[in-house]
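S.K.: Below you'll find the structure I mean.
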Amino acid sequence: MSDTPVRQQTTAAYHGQAVASFAIALSATAIGIFRLHADTWVRAFLGIAVLYLVTSAFTLAKVVRDRQEVGQIVSRVDQARLEKLLAEHDPFEKL
């Protein structure tokens, strides 16, 4: 009586929208920094800051995903242990 959770898959449209959104946001930010009326070092600093922010966002997303997957694995192990205990339990056995 094991209820295996259904693995949720994202659609191609959702994946495409996420990639397009990321590309548009990064491009718009890069164009904005490039067209900014400021010294070159200010624009370079902003560019590096944006790249650092992007890498930090990817790292955070990966950490959150990994933590969620570990929680699911622990939950499955606990569920398997419970099912084993229930299967081995005989309510009519004398104590």
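Quick note on naming: the chains in the structure tokens go A, B, ... in the order shown, residues restart at 1 in each chain, and ligands are numbered from 1 in order of appearance.
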Can you pull out the residues contacting Thr29 (chain A)? Cut-off 12 Å, using only C-alpha atoms, and skip same-chain residues under 4 positions away; I want them as an MDAnalysis selection string.
M.R.: chainID A and resid 22:25 33:36 43 46:51 53:54
S.K.: Using DSSP on the backbone coordinates, identify all residues within chain A classified as alpha helix (DSSP H); present the result as a PyMOL selection string.
M.R.: chain A and resi 12-34+40-88
